[in-house]
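A.B. asks: Before anything else, here's the structure in question.
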Amino acid sequence: MTLPEPPATEPDVCSSKGCTAAAEHALLWNNPKVHTPERRKVWLACEEHRPTLTSFLGSRGFLKDVVPFEPGADLAI
């Protein structure tokens, strides 16, 4: 009996709509109306979209930190 191969894993890509570029940055954020203060959600960003995604989250007061993205790192809290 032959076991099926696991699905190919795709690299982590930018969270910007339609972007397929590899993620270089992790944008850590939370919505204070929904999340506890210590909670962090993560959006990934390529170099091109980091400024727009950062601006979007920052203008709403959601952005907490921007760190280099390292695949396999557990960033969400």
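Numbering starts fresh at 1 for the residues of each chain in the structure tokens, the chains themselves are lettered A, B, ... in the order given, and ligands are numbered from 1 as they appear.
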Any idea what's packed within 10 Å of Arg40 in chain A, counting only C-alpha atoms, ignoring anything in its chain fewer than 3 positions away? Could you give it as an MDAnalysis selection string?

C.D. replies: chainID A and resid 27:31 35:37 43 62:65 75:77

A.B. asks: Per DSSP on the backbone, filter range 13-70 of chain A down to the residues in alpha helix (DSSP H) and report them as a PyMOL selection string.

C.D. replies: chain A and resi 50-59

A.B. asks: I need the strand (DSSP E or B) residues of chain A per DSSP on the backbone, written as a list in words.

C.D. replies: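 DSSP on the backbone gives strand (DSSP E or B) at Val13, Ala22, His25, Ala26, Leu27, Leu28, Trp29, Lys41, Val42, Trp43, Leu44, Ala45, Leu63, Lys64, Asp65, Val66, Val67 and Pro68 of chain A.
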
A.B. asks: Give me, as a VMD selection string, all polymer residues having an atom no more than 8 Å from Ala23 in chain A, counting only C-alpha atoms and skipping those fewer than 2 positions away in the same chain.

C.D. replies: chain A and resid 12 to 14 21 25 to 26 44 to 47 69

A.B. asks: For Ser15 in chain A, which residue out of A:Val42, A:Val34, A:Leu57, A:Ala73 is the nearest one, using only C-alpha atoms?

C.D. replies: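 With only C-alpha atoms as the atom set, the closest residue is A:Val42.
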
A.B. asks: What does the distance between CA of Pro32 in chain A and CA of Gly61 in chain A come to in Å, to one decimal place?

C.D. replies: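 Rounded to one decimal, the two atoms are 8.6 Å apart.
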
A.B. asks: I'd like the interatomic distance between CA of Gly72 in chain A and CA of Thr52 in chain A, to a tenth of an Å.

C.D. replies: 24.5 Å

A.B. asks: Pick from A:His49, A:Val67, A:Asp74, A:Ser59: nearest to Thr20 in chain A, with only C-alpha atoms counted?

C.D. replies: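 Once distances to Thr20 in chain A are computed over only C-alpha atoms, the minimum belongs to A:His49.
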
A.B. asks: So how far away is CA of Glu70 in chain A from CA of Leu53 in chain A, in Å?

C.D. replies: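 It comes out at 18.2 Å.
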